[in-house]
file entry.tsv (TSV, C-alpha atoms)
chain	number	residue	atom	x	y	z
G	1	MET	CA	0.00	0.00	0.00
G	2	ASN	CA	1.29	3.47	-0.86
G	3	ASN	CA	1.26	6.34	1.57
G	4	ALA	CA	0.00	9.86	1.16
G	5	ILE	CA	2.95	11.15	3.22
G	6	VAL	CA	6.06	9.36	4.44
G	7	ILE	CA	7.75	11.34	7.19
G	8	LYS	CA	11.37	10.37	7.77
G	9	ALA	CA	13.09	11.84	10.85
G	10	LEU	CA	11.58	15.22	10.09
G	11	LYS	CA	13.16	17.62	12.54
G	12	LYS	CA	12.32	21.16	13.57
G	13	GLU	CA	14.40	22.83	16.25
G	14	TYR	CA	13.31	25.84	18.21
G	15	LYS	CA	15.18	27.37	21.12
G	16	ASP	CA	13.16	25.51	23.71
G	17	PHE	CA	11.51	22.74	21.69
G	18	THR	CA	12.58	20.04	19.29
G	19	MET	CA	10.27	18.05	17.08
G	20	ASN	CA	11.55	14.83	15.53
G	21	VAL	CA	8.93	12.75	13.74
G	22	THR	CA	8.98	9.51	11.81
G	23	ALA	CA	5.50	8.46	10.71
G	24	ILE	CA	3.26	7.65	7.79
G	25	VAL	CA	-0.06	9.00	6.60
G	26	PRO	CA	-1.66	6.10	4.70
G	27	LYS	CA	-3.27	6.81	1.34
G	28	GLY	CA	-7.03	6.51	1.10
G	29	PHE	CA	-7.73	7.14	4.79
G	30	ALA	CA	-8.31	9.85	7.37
G	31	THR	CA	-5.45	10.19	9.84
G	32	ALA	CA	-5.81	11.98	13.16
G	33	LEU	CA	-2.90	13.69	14.86
G	34	ILE	CA	-3.50	13.45	18.61
G	35	GLY	CA	-1.52	14.97	21.46
G	36	ALA	CA	-1.61	17.32	24.44
G	37	ASN	CA	-1.11	21.06	24.02
G	38	GLY	CA	2.51	21.70	23.09
G	39	ALA	CA	3.09	18.14	21.84
G	40	GLY	CA	4.18	19.44	18.46
G	41	LYS	CA	1.09	18.80	16.33
G	42	THR	CA	0.96	22.24	14.76
G	43	THR	CA	4.76	22.29	14.36
G	44	LEU	CA	4.50	19.02	12.42
G	45	ILE	CA	1.68	20.27	10.19
G	46	ASP	CA	3.41	23.60	9.57
G	47	THR	CA	6.71	21.91	8.75
G	48	LEU	CA	4.98	19.43	6.42
G	49	CYS	CA	3.21	22.22	4.58
G	50	ARG	CA	6.34	24.37	4.56
G	51	VAL	CA	4.80	27.17	6.55
G	52	THR	CA	8.03	26.91	8.54
G	53	ALA	CA	11.30	25.50	7.25
G	54	LYS	CA	12.47	22.11	8.51
G	55	THR	CA	15.82	21.76	10.31
G	56	SER	CA	16.53	18.35	8.78
G	57	GLY	CA	14.87	15.13	7.65
G	58	ASP	CA	12.40	14.54	4.89
G	59	ALA	CA	8.73	14.21	4.05
G	60	VAL	CA	7.70	12.49	0.83
G	61	PHE	CA	4.22	13.37	-0.47
G	62	PHE	CA	2.17	11.04	-2.70
G	63	GLU	CA	4.55	8.10	-2.45
G	64	ASN	CA	5.30	6.32	-5.74
G	65	SER	CA	3.19	8.70	-7.78
G	66	SER	CA	4.45	10.34	-10.93
G	67	LEU	CA	3.21	13.72	-9.73
G	68	PRO	CA	5.90	16.38	-10.32
G	69	GLU	CA	6.94	18.26	-7.21
G	70	TYR	CA	5.31	21.57	-8.16
G	71	MET	CA	1.97	19.75	-8.49
G	72	GLN	CA	2.20	18.24	-5.00
G	73	ALA	CA	1.39	21.54	-3.32
G	74	GLU	CA	-1.38	22.13	-5.84
G	75	LYS	CA	-2.88	18.75	-4.92
G	76	THR	CA	-2.58	19.38	-1.17
G	77	GLY	CA	-5.16	21.45	0.68
G	78	TYR	CA	-3.71	23.00	3.81
G	79	CYS	CA	-5.65	24.93	6.42
G	80	SER	CA	-4.26	26.42	9.64
G	81	SER	CA	-6.25	26.49	12.86
G	82	VAL	CA	-6.62	30.26	13.22
G	83	ASN	CA	-6.73	33.28	10.94
G	84	TYR	CA	-6.18	31.48	7.69
G	85	PHE	CA	-7.34	34.59	5.86
G	86	PRO	CA	-6.84	38.24	6.84
G	87	LEU	CA	-9.84	39.34	8.90
G	88	SER	CA	-10.48	42.36	6.67
G	89	TRP	CA	-11.42	40.02	3.81
G	90	ASN	CA	-14.94	38.90	2.94
G	91	LEU	CA	-16.21	35.87	1.00
G	92	GLN	CA	-15.76	37.71	-2.29
G	93	THR	CA	-12.11	38.60	-1.61
G	94	VAL	CA	-11.42	35.06	-0.43
G	95	SER	CA	-12.89	33.70	-3.66
G	96	LYS	CA	-10.95	36.17	-5.80
G	97	CYS	CA	-7.60	35.62	-4.08
G	98	MET	CA	-7.95	31.82	-3.96
G	99	SER	CA	-8.63	31.69	-7.70
G	100	ILE	CA	-5.49	33.77	-8.34
G	101	GLY	CA	-3.43	31.62	-6.01
G	102	PHE	CA	-4.59	28.18	-7.16
G	103	ASP	CA	-5.31	26.88	-10.65
G	104	ASN	CA	-7.66	24.23	-9.32
G	105	PHE	CA	-9.87	26.54	-7.23
G	106	SER	CA	-13.50	26.62	-8.33
G	107	LYS	CA	-15.44	29.80	-7.53
G	108	GLU	CA	-18.73	28.00	-8.15
G	109	ARG	CA	-17.81	25.19	-5.79
G	110	PHE	CA	-16.71	27.72	-3.15
G	111	ASP	CA	-20.02	29.54	-3.40
G	112	ALA	CA	-21.95	26.26	-3.17
G	113	LEU	CA	-19.97	25.28	-0.06
G	114	CYS	CA	-20.57	28.70	1.55
G	115	LYS	CA	-24.30	28.18	1.04
G	116	LYS	CA	-24.09	24.64	2.41
G	117	PHE	CA	-22.27	25.95	5.51
G	118	GLU	CA	-24.82	28.80	5.76
G	119	ILE	CA	-22.20	31.55	5.81
G	120	GLY	CA	-23.63	33.57	2.94
G	121	SER	CA	-22.69	34.00	-0.70
G	122	SER	CA	-19.43	35.00	-2.31
G	123	TYR	CA	-21.38	36.82	-5.00
G	124	GLY	CA	-23.49	39.91	-4.50
G	125	LYS	CA	-22.84	43.33	-3.04
G	126	ARG	CA	-23.55	42.95	0.66
G	127	GLN	CA	-20.39	41.25	1.89
G	128	LYS	CA	-19.61	40.67	5.56
G	129	LYS	CA	-16.00	40.94	6.69
G	130	LEU	CA	-14.43	37.94	8.41
G	131	ILE	CA	-13.78	40.08	11.49
G	132	LYS	CA	-17.56	40.32	12.00
G	133	MET	CA	-17.96	36.56	11.84
G	134	SER	CA	-17.88	34.09	14.73
G	135	ASP	CA	-14.86	31.79	15.18
G	136	GLY	CA	-16.92	28.86	13.92
G	137	ASN	CA	-17.91	30.71	10.76
G	138	ARG	CA	-14.32	31.75	10.06
G	139	VAL	CA	-13.35	28.07	10.20
G	140	ARG	CA	-16.21	27.33	7.81
G	141	VAL	CA	-14.89	29.94	5.38
G	142	ALA	CA	-11.40	28.43	5.51
G	143	LEU	CA	-12.78	24.89	5.05
G	144	ALA	CA	-14.98	25.97	2.14
G	145	ALA	CA	-11.96	27.62	0.50
G	146	VAL	CA	-9.80	24.53	0.91
G	147	LEU	CA	-12.54	22.14	-0.24
G	148	ALA	CA	-13.30	24.27	-3.30
G	149	ARG	CA	-9.92	23.21	-4.67
G	150	ASP	CA	-9.44	19.94	-6.52
G	151	THR	CA	-7.05	18.14	-4.17
G	152	ASP	CA	-6.04	14.61	-3.24
G	153	LEU	CA	-4.79	15.38	0.25
G	154	LEU	CA	-6.15	17.62	3.01
G	155	VAL	CA	-3.91	18.75	5.87
G	156	LEU	CA	-6.04	20.50	8.47
G	157	ASP	CA	-4.95	21.90	11.82
G	158	GLU	CA	-7.71	21.60	14.43
G	159	PRO	CA	-10.61	21.86	11.98
G	160	ALA	CA	-13.17	20.80	14.60
G	161	SER	CA	-12.14	22.90	17.56
G	162	SER	CA	-14.33	25.97	17.12
G	163	LEU	CA	-17.25	24.17	15.53
G	164	ASP	CA	-20.52	23.41	17.33
G	165	PRO	CA	-21.70	19.77	17.61
G	166	LEU	CA	-23.88	19.96	14.49
G	167	ALA	CA	-21.10	21.49	12.42
G	168	ARG	CA	-18.68	18.84	13.68
G	169	ASP	CA	-21.06	16.16	12.51
G	170	MET	CA	-21.20	17.90	9.15
G	171	LEU	CA	-17.37	18.04	9.08
G	172	CYS	CA	-17.23	14.27	9.61
G	173	ASP	CA	-19.70	13.74	6.77
G	174	MET	CA	-17.60	16.01	4.58
G	175	PHE	CA	-14.49	13.99	5.33
G	176	ARG	CA	-16.26	10.77	4.37
G	177	ASP	CA	-17.66	12.35	1.19
G	178	TYR	CA	-14.19	13.59	0.30
G	179	LEU	CA	-12.64	10.15	0.80
G	180	SER	CA	-15.33	8.19	-1.03
G	181	GLU	CA	-15.56	10.60	-3.98
G	182	ARG	CA	-12.29	9.27	-5.39
G	183	ASP	CA	-12.26	5.85	-3.75
G	184	GLY	CA	-8.83	5.12	-2.32
G	185	GLU	CA	-7.07	8.04	-3.98
G	186	ARG	CA	-7.70	10.75	-1.43
G	187	SER	CA	-6.35	11.15	2.09
G	188	ILE	CA	-6.81	13.48	5.06
G	189	LEU	CA	-4.46	14.43	7.89
G	190	PHE	CA	-6.00	16.46	10.69
G	191	SER	CA	-5.05	17.34	14.23
G	192	THR	CA	-7.70	17.30	16.93
G	193	HIS	CA	-8.48	17.50	20.63
G	194	ASN	CA	-12.08	16.47	20.03
G	195	ILE	CA	-11.27	12.80	19.77
G	196	ALA	CA	-14.68	11.47	20.76
G	197	ASP	CA	-16.40	13.64	18.15
G	198	MET	CA	-13.94	12.69	15.42
G	199	GLU	CA	-13.58	8.97	16.21
G	200	SER	CA	-16.20	7.99	13.63
G	201	VAL	CA	-14.01	9.41	10.90
G	202	THR	CA	-10.56	8.41	12.16
G	203	ASP	CA	-8.89	5.48	10.38
G	204	TYR	CA	-5.28	5.94	11.40
G	205	ALA	CA	-3.98	7.72	14.49
G	206	ILE	CA	-0.62	9.30	15.24
G	207	PHE	CA	-0.07	10.10	18.93
G	208	MET	CA	2.49	12.78	19.75
G	209	ALA	CA	4.09	13.89	23.02
G	210	GLY	CA	7.11	16.10	23.63
G	211	GLY	CA	7.83	16.50	19.93
G	212	ILE	CA	7.97	12.80	19.05
G	213	VAL	CA	5.52	10.10	17.98
G	214	ILE	CA	4.69	7.80	20.91
G	215	GLU	CA	2.33	5.47	19.04
G	216	GLN	CA	0.71	5.18	15.63
G	217	GLY	CA	-1.42	2.70	13.74
G	218	PHE	CA	-4.80	1.88	12.26
G	219	VAL	CA	-7.44	2.48	14.91
G	220	GLU	CA	-8.93	-1.03	14.68
G	221	ASP	CA	-5.46	-2.53	15.18
G	222	LEU	CA	-4.68	-0.26	18.13
G	223	LYS	CA	-7.98	-1.22	19.75
G	224	ASN	CA	-6.88	-4.84	19.59
G	225	LYS	CA	-3.33	-4.06	20.71
G	226	TYR	CA	-4.47	-2.33	23.91
G	227	VAL	CA	-7.11	-3.23	26.43
G	228	LEU	CA	-8.92	-1.20	29.06
G	229	VAL	CA	-8.59	-2.84	32.48
G	230	HIS	CA	-10.96	-2.41	35.43
G	231	THR	CA	-10.67	-3.88	38.89
G	232	ASP	CA	-11.35	-3.06	42.53
G	233	SER	CA	-8.72	-0.92	44.18
G	234	GLY	CA	-6.46	-2.94	46.45
G	235	LYS	CA	-6.42	-5.85	44.00
G	236	ALA	CA	-4.26	-4.00	41.56
G	237	GLU	CA	-0.74	-4.19	43.01
G	238	LYS	CA	0.28	-7.06	40.73
G	239	LEU	CA	-1.24	-5.32	37.75
G	240	LYS	CA	0.59	-2.04	38.08
G	241	PRO	CA	3.89	-3.05	36.44
G	242	LEU	CA	1.90	-4.44	33.48
G	243	MET	CA	-0.04	-1.25	32.84
G	244	THR	CA	0.72	1.38	30.22
G	245	SER	CA	-0.95	3.90	32.54
G	246	TYR	CA	-3.66	3.84	35.19
G	247	THR	CA	-5.65	5.81	37.73
G	248	GLU	CA	-6.87	4.56	41.06
G	249	ASN	CA	-8.89	5.79	44.00
G	250	ALA	CA	-10.44	4.26	47.10
G	251	THR	CA	-13.03	2.35	45.09
G	252	SER	CA	-11.66	1.41	41.72
G	253	PHE	CA	-8.62	0.94	39.55
G	254	GLU	CA	-8.72	1.62	35.83
G	255	GLY	CA	-6.14	1.86	33.11
G	256	LEU	CA	-4.75	0.94	29.75
G	257	ALA	CA	-2.46	-2.02	29.09
G	258	LEU	CA	-1.06	-3.93	26.16
G	259	ALA	CA	-3.56	-6.73	25.53
G	260	GLY	CA	-0.71	-9.25	25.54
G	261	ASN	CA	0.22	-8.27	29.10
G	262	ILE	CA	-3.14	-9.08	30.61
G	263	SER	CA	-4.48	-12.57	30.75
G	264	ILE	CA	-7.96	-12.63	32.20
G	265	SER	CA	-7.72	-16.28	33.11
G	266	ASP	CA	-5.26	-15.75	35.97
G	267	ASN	CA	-7.56	-13.40	37.77
G	268	ASN	CA	-11.29	-13.25	37.38
G	269	MET	CA	-11.46	-10.10	39.50
G	270	ILE	CA	-10.23	-8.19	36.46
G	271	MET	CA	-12.62	-6.94	33.82
G	272	THR	CA	-11.37	-5.85	30.44
G	273	GLU	CA	-12.92	-4.09	27.47
G	274	ARG	CA	-11.97	-2.81	24.07
G	275	PRO	CA	-10.99	0.86	24.44
G	276	THR	CA	-12.58	3.66	22.46
G	277	LEU	CA	-10.20	6.00	20.63
G	278	GLN	CA	-10.82	8.56	23.37
G	279	GLN	CA	-9.87	6.09	26.13
G	280	LEU	CA	-6.87	4.95	24.12
G	281	SER	CA	-5.70	8.53	23.72
G	282	VAL	CA	-6.11	9.35	27.39
G	283	GLY	CA	-4.18	6.22	28.38
G	284	LEU	CA	-1.30	6.87	25.99
G	285	LEU	CA	-1.05	10.59	26.69
G	286	ARG	CA	-1.21	9.98	30.44
G	287	LYS	CA	1.78	7.66	30.14
G	288	ALA	CA	3.67	10.29	28.16
G	289	GLY	CA	2.77	12.88	30.80
G	290	HIS	CA	4.27	10.70	33.56
G	291	ASN	CA	7.48	10.12	31.62
G	292	GLU	CA	8.16	13.80	31.15
F	1	MET	CA	-28.14	-1.93	7.76
F	2	LYS	CA	-28.42	-0.97	11.43
F	3	ILE	CA	-25.42	0.11	13.49
F	4	LEU	CA	-25.50	0.71	17.25
F	5	GLN	CA	-22.74	3.11	18.24
F	6	ASN	CA	-22.81	2.21	21.94
F	7	SER	CA	-23.17	-1.54	21.70
F	8	SER	CA	-20.63	-3.81	23.38
F	9	ASP	CA	-20.23	-5.47	19.96
F	10	PRO	CA	-17.57	-3.64	17.94
F	11	ILE	CA	-19.10	-1.87	14.95
F	12	TYR	CA	-17.14	-3.96	12.45
F	13	LYS	CA	-18.66	-7.12	14.02
F	14	GLN	CA	-22.15	-5.66	13.65
F	15	ILE	CA	-21.53	-5.05	9.96
F	16	SER	CA	-19.95	-8.42	9.25
F	17	SER	CA	-22.68	-10.31	11.07
F	18	GLN	CA	-25.49	-8.52	9.20
F	19	LEU	CA	-23.79	-9.09	5.87
F	20	ARG	CA	-23.12	-12.72	6.81
F	21	ASP	CA	-26.83	-13.23	7.50
F	22	ASP	CA	-27.72	-11.64	4.17
F	23	ILE	CA	-25.24	-13.81	2.26
F	24	LEU	CA	-26.02	-17.12	3.97
F	25	SER	CA	-29.76	-16.61	3.63
F	26	GLY	CA	-29.34	-15.76	-0.04
F	27	ARG	CA	-30.66	-12.20	0.27
F	28	ILE	CA	-27.42	-11.12	-1.41
F	29	LYS	CA	-26.55	-13.50	-4.25
F	30	GLY	CA	-23.19	-14.87	-5.33
F	31	GLY	CA	-21.38	-12.56	-7.72
F	32	GLU	CA	-23.20	-9.46	-6.48
F	33	ALA	CA	-21.03	-6.40	-5.81
F	34	LEU	CA	-20.90	-4.97	-2.30
F	35	PRO	CA	-20.74	-1.20	-1.75
F	36	SER	CA	-17.17	0.14	-1.76
F	37	ILE	CA	-15.63	0.40	1.71
F	38	ARG	CA	-15.59	4.19	1.53
F	39	SER	CA	-19.17	4.60	0.34
F	40	LEU	CA	-20.39	2.15	2.99
F	41	ALA	CA	-18.43	4.15	5.60
F	42	ARG	CA	-20.06	7.33	4.34
F	43	ASP	CA	-23.57	5.87	4.40
F	44	LEU	CA	-23.17	4.36	7.88
F	45	LYS	CA	-21.31	7.42	9.24
F	46	ILE	CA	-18.37	5.36	10.43
F	47	SER	CA	-14.66	5.27	9.66
F	48	VAL	CA	-13.27	3.62	6.53
F	49	ILE	CA	-11.05	1.27	8.52
F	50	THR	CA	-14.12	-0.11	10.33
F	51	THR	CA	-15.89	-1.19	7.14
F	52	MET	CA	-12.58	-2.50	5.83
F	53	LYS	CA	-12.16	-4.66	8.92
F	54	ALA	CA	-15.67	-6.07	8.46
F	55	TYR	CA	-14.97	-6.93	4.81
F	56	GLU	CA	-11.63	-8.48	5.77
F	57	GLU	CA	-13.38	-10.76	8.25
F	58	LEU	CA	-15.87	-11.94	5.62
F	59	THR	CA	-13.02	-12.43	3.14
F	60	THR	CA	-11.21	-14.69	5.61
F	61	GLU	CA	-14.38	-16.73	5.99
F	62	GLY	CA	-14.55	-17.10	2.22
F	63	LEU	CA	-17.94	-15.41	1.97
F	64	ILE	CA	-16.72	-12.49	-0.13
F	65	VAL	CA	-13.75	-11.85	-2.42
F	66	SER	CA	-11.94	-8.68	-3.34
F	67	ALA	CA	-11.11	-8.02	-6.98
F	68	GLN	CA	-8.14	-5.68	-7.32
F	69	GLY	CA	-9.37	-2.23	-8.27
F	70	LYS	CA	-13.00	-3.33	-8.57
F	71	GLY	CA	-14.06	-3.76	-4.98
F	72	TYR	CA	-15.68	-6.60	-3.09
F	73	PHE	CA	-18.04	-9.28	-4.42
F	74	VAL	CA	-20.09	-12.01	-2.80
F	75	ASN	CA	-18.42	-15.33	-3.41
F	76	SER	CA	-20.38	-17.88	-5.39
F	77	LEU	CA	-20.88	-20.29	-2.55
F	78	ASP	CA	-21.27	-23.97	-3.09
F	79	SER	CA	-23.96	-25.59	-1.01
F	80	ARG	CA	-21.41	-27.55	1.04
F	81	LEU	CA	-19.73	-24.34	2.24
F	82	ILE	CA	-23.08	-22.79	3.14
F	83	ALA	CA	-24.07	-25.91	5.07
F	84	GLU	CA	-20.76	-25.78	6.93
F	85	GLN	CA	-21.28	-22.13	7.88
F	86	HIS	CA	-24.78	-22.85	9.13
F	87	GLN	CA	-23.57	-25.86	11.09
F	88	ARG	CA	-20.85	-23.75	12.72
F	89	ARG	CA	-23.33	-21.11	13.81
F	90	VAL	CA	-25.72	-23.68	15.28
F	91	GLU	CA	-22.83	-25.22	17.21
F	92	GLU	CA	-21.77	-21.82	18.53
F	93	SER	CA	-25.26	-21.03	19.80
F	94	LEU	CA	-25.63	-24.47	21.37
F	95	SER	CA	-22.28	-24.08	23.15
F	96	ASP	CA	-23.53	-20.82	24.63
F	97	ALA	CA	-26.69	-22.56	25.79
F	98	ILE	CA	-24.69	-25.44	27.33
F	99	HIS	CA	-22.49	-22.91	29.15
F	100	SER	CA	-25.53	-21.17	30.63
F	101	ALA	CA	-27.14	-24.50	31.51
F	102	LYS	CA	-24.07	-25.67	33.43
F	103	ILE	CA	-24.00	-22.44	35.44
F	104	ALA	CA	-27.68	-22.92	36.25
F	105	GLY	CA	-27.23	-26.63	37.02
F	106	ILE	CA	-29.65	-27.77	34.33
F	107	THR	CA	-29.18	-31.40	33.29
F	108	LEU	CA	-28.70	-32.72	29.78
F	109	SER	CA	-32.11	-34.37	29.70
F	110	ASP	CA	-33.75	-31.10	30.83
F	111	MET	CA	-31.88	-29.41	28.00
F	112	HIS	CA	-33.24	-31.92	25.47
F	113	GLU	CA	-36.73	-31.27	26.76
F	114	THR	CA	-36.31	-27.49	26.52
F	115	LEU	CA	-35.00	-27.83	23.00
F	116	ASP	CA	-37.93	-30.02	21.98
F	117	THR	CA	-40.42	-27.54	23.43
F	118	LEU	CA	-38.80	-24.50	21.83
F	119	TRP	CA	-38.53	-26.29	18.50
F	120	LYS	CA	-42.28	-27.07	18.53
F	121	LEU	CA	-43.18	-23.52	19.62
F	122	ASP	CA	-41.17	-22.05	16.73
F	123	SER	CA	-42.88	-24.14	14.05

call {"tool": "encode", "arguments": {"input": "entry.tsv", "output": "structure tokens"}}
result
Amino acid sequence: MNNAIVIKALKKEYKDFTMNVTAIVPKGFATALIGANGAGKTTLIDTLCRVTAKTSGDAVFFENSSLPEYMQAEKTGYCSSVNYFPLSWNLQTVSKCMSIGFDNFSKERFDALCKKFEIGSSYGKRQKKLIKMSDGNRVRVALAAVLARDTDLLVLDEPASSLDPLARDMLCDMFRDYLSERDGERSILFSTHNIADMESVTDYAIFMAGGIVIEQGFVEDLKNKYVLVHTDSGKAEKLKPLMTSYTENATSFEGLALAGNISISDNNMIMTERPTLQQLSVGLLRKAGHNE
Amino acid sequence: MKILQNSSDPIYKQISSQLRDDILSGRIKGGEALPSIRSLARDLKISVITTMKAYEELTTEGLIVSAQGKGYFVNSLDSRLIAEQHQRRVEESLSDAIHSAKIAGITLSDMHETLDTLWKLDS
């Protein structure tokens, strides 16, 4: 299987922070970038999309495709988390500037998406400036602009964070539409804190902490690799060394462990279940938090 | 197809078991194309990898086949394979029943009687 992006020891050094990432973004799927604040998610996305220059390492886009390098950026839709467009712009200026900047931008498609997102029309005289719009609507404008281009890869930084629950649901539908429209050819990489809301659209997950990748894989595989363990507190001493991370209080003990580490047969006081992506994330990030 | 988001059964199991029922009962015929993994994911509002996992499970069981670049198709099942699948499912259900019976202390002859009664009630 080819990958949409192959990231090989991609390094970005700041004075007080170093990111060093080796990971893949599989082709044909939606990949979530998950991590605590300051884990390096935005640094990774910005370095990948050349918003900031890398220190060293490499990222190969559209693995094994014959796409020339200048077309790779044209085929990639990038969207930052805040202020993607100057706030003095309105839908009309966005449409105008995007069509100058990108050959594959469709004004008609942009206008249709603006109507679908209920943020107005990019035609007509009465235009509202972005500064007068809510955070959620500014994100909608940026998403409409990026989706109005004919791309094969979306790289989105926190697309869900300022959206309300309904809009998030719509975002998930949009992701699935995007992926199924060109079956197997299109991919999405997005960072998110809203793991529970985005689980239904996450195929592959990359977990980051302290600038490096602490775990990655297809979600269904990760859910088999790890197991959520529950038991009464006081019965957990033997379990603790086997756990990836855990919490305990006077009543109960709960945590995440590698499925191979826990055999239910040796202790029927233990209950296990398949973790959700949210539980998996909490368990992995908690471990990373302890190690720091 | 019906998917319960908060069921204890993983979503991919729910999909594979519904498709399995449809194939074994003949509601979907041999040679018929299944929806692509990404369009099924879109319609069911679930992730692509989940539908893929369900299809992989059915492929392993020999119920469906994937044709490179064309998607998934229902295998043309011979009657022996179908009979085997049915037999396996009956055995699984009976094992569950035996397990419950042993916990409850129900004897084998009581089990036979219960089976006889239920069988008559169903027909």

call {"tool": "interface_residues", "arguments": {"input": "entry.tsv", "of": "chain G", "to": "chain F", "cutoff": "12 Å", "atoms": "only C-alpha atoms", "output": "PyMOL selection string"}}
result
chain G and resi 26-32+169-188+196-205+217-224+272-277

call {"tool": "write_last_selection", "arguments": {"input": "entry.tsv", "atoms": "C-alpha atoms", "output": "PDB file, in the frame of the given file"}}
result
ATOM      1  CA  PRO G  26      -1.660   6.100   4.700  1.00  0.00           C
ATOM      2  CA  LYS G  27      -3.270   6.810   1.340  1.00  0.00           C
ATOM      3  CA  GLY G  28      -7.030   6.510   1.100  1.00  0.00           C
ATOM      4  CA  PHE G  29      -7.730   7.140   4.790  1.00  0.00           C
ATOM      5  CA  ALA G  30      -8.310   9.850   7.370  1.00  0.00           C
ATOM      6  CA  THR G  31      -5.450  10.190   9.840  1.00  0.00           C
ATOM      7  CA  ALA G  32      -5.810  11.980  13.160  1.00  0.00           C
ATOM      8  CA  ASP G 169     -21.060  16.160  12.510  1.00  0.00           C
ATOM      9  CA  MET G 170     -21.200  17.900   9.150  1.00  0.00           C
ATOM     10  CA  LEU G 171     -17.370  18.040   9.080  1.00  0.00           C
ATOM     11  CA  CYS G 172     -17.230  14.270   9.610  1.00  0.00           C
ATOM     12  CA  ASP G 173     -19.700  13.740   6.770  1.00  0.00           C
ATOM     13  CA  MET G 174     -17.600  16.010   4.580  1.00  0.00           C
ATOM     14  CA  PHE G 175     -14.490  13.990   5.330  1.00  0.00           C
ATOM     15  CA  ARG G 176     -16.260  10.770   4.370  1.00  0.00           C
ATOM     16  CA  ASP G 177     -17.660  12.350   1.190  1.00  0.00           C
ATOM     17  CA  TYR G 178     -14.190  13.590   0.300  1.00  0.00           C
ATOM     18  CA  LEU G 179     -12.640  10.150   0.800  1.00  0.00           C
ATOM     19  CA  SER G 180     -15.330   8.190  -1.030  1.00  0.00           C
ATOM     20  CA  GLU G 181     -15.560  10.600  -3.980  1.00  0.00           C
ATOM     21  CA  ARG G 182     -12.290   9.270  -5.390  1.00  0.00           C
ATOM     22  CA  ASP G 183     -12.260   5.850  -3.750  1.00  0.00           C
ATOM     23  CA  GLY G 184      -8.830   5.120  -2.320  1.00  0.00           C
ATOM     24  CA  GLU G 185      -7.070   8.040  -3.980  1.00  0.00           C
ATOM     25  CA  ARG G 186      -7.700  10.750  -1.430  1.00  0.00           C
ATOM     26  CA  SER G 187      -6.350  11.150   2.090  1.00  0.00           C
ATOM     27  CA  ILE G 188      -6.810  13.480   5.060  1.00  0.00           C
ATOM     28  CA  ALA G 196     -14.680  11.470  20.760  1.00  0.00           C
ATOM     29  CA  ASP G 197     -16.400  13.640  18.150  1.00  0.00           C
ATOM     30  CA  MET G 198     -13.940  12.690  15.420  1.00  0.00           C
ATOM     31  CA  GLU G 199     -13.580   8.970  16.210  1.00  0.00           C
ATOM     32  CA  SER G 200     -16.200   7.990  13.630  1.00  0.00           C
ATOM     33  CA  VAL G 201     -14.010   9.410  10.900  1.00  0.00           C
ATOM     34  CA  THR G 202     -10.560   8.410  12.160  1.00  0.00           C
ATOM     35  CA  ASP G 203      -8.890   5.480  10.380  1.00  0.00           C
ATOM     36  CA  TYR G 204      -5.280   5.940  11.400  1.00  0.00           C
ATOM     37  CA  ALA G 205      -3.980   7.720  14.490  1.00  0.00           C
ATOM     38  CA  GLY G 217      -1.420   2.700  13.740  1.00  0.00           C
ATOM     39  CA  PHE G 218      -4.800   1.880  12.260  1.00  0.00           C
ATOM     40  CA  VAL G 219      -7.440   2.480  14.910  1.00  0.00           C
ATOM     41  CA  GLU G 220      -8.930  -1.030  14.680  1.00  0.00           C
ATOM     42  CA  ASP G 221      -5.460  -2.530  15.180  1.00  0.00           C
ATOM     43  CA  LEU G 222      -4.680  -0.260  18.130  1.00  0.00           C
ATOM     44  CA  LYS G 223      -7.980  -1.220  19.750  1.00  0.00           C
ATOM     45  CA  ASN G 224      -6.880  -4.840  19.590  1.00  0.00           C
ATOM     46  CA  THR G 272     -11.370  -5.850  30.440  1.00  0.00           C
ATOM     47  CA  GLU G 273     -12.920  -4.090  27.470  1.00  0.00           C
ATOM     48  CA  ARG G 274     -11.970  -2.810  24.070  1.00  0.00           C
ATOM     49  CA  PRO G 275     -10.990   0.860  24.440  1.00  0.00           C
ATOM     50  CA  THR G 276     -12.580   3.660  22.460  1.00  0.00           C
ATOM     51  CA  LEU G 277     -10.200   6.000  20.630  1.00  0.00           C
TER      52      LEU G 277
END

call {"tool": "residues_around", "arguments": {"input": "entry.tsv", "residues": "segment 107-113 of chain F", "least_positions_apart": "5", "cutoff": "10 Å", "atoms": "all atoms listed in the file", "output": "PyMOL selection string"}}
result
chain F and resi 97-98+101-102+118-119

call {"tool": "write_last_selection", "arguments": {"input": "entry.tsv", "atoms": "C-alpha atoms", "output": "CSV table (one decimal), in the coordinates of the input"}}
result
chain,number,residue,atom,x,y,z
F,97,ALA,CA,-26.7,-22.6,25.8
F,98,ILE,CA,-24.7,-25.4,27.3
F,101,ALA,CA,-27.1,-24.5,31.5
F,102,LYS,CA,-24.1,-25.7,33.4
F,118,LEU,CA,-38.8,-24.5,21.8
F,119,TRP,CA,-38.5,-26.3,18.5

call {"tool": "residues_near_point", "arguments": {"input": "entry.tsv", "point": "(-17.1, 30.1, 1.7)", "cutoff": "7 Å", "atoms": "all atoms listed in the file", "output": "compact mmCIF listing (two decimals) with C-alpha atoms, keeping the file's coordinate frame"}}
result
# COMPACT_ATOMS: atom_id res chain seq x y z
CA LEU G 91 -16.21 35.87 1.00
CA PHE G 110 -16.71 27.72 -3.15
CA ASP G 111 -20.02 29.54 -3.40
CA LEU G 113 -19.97 25.28 -0.06
CA CYS G 114 -20.57 28.70 1.55
CA ILE G 119 -22.20 31.55 5.81
CA SER G 122 -19.43 35.00 -2.31
CA ARG G 140 -16.21 27.33 7.81
CA VAL G 141 -14.89 29.94 5.38
CA ALA G 144 -14.98 25.97 2.14
CA ALA G 145 -11.96 27.62 0.50
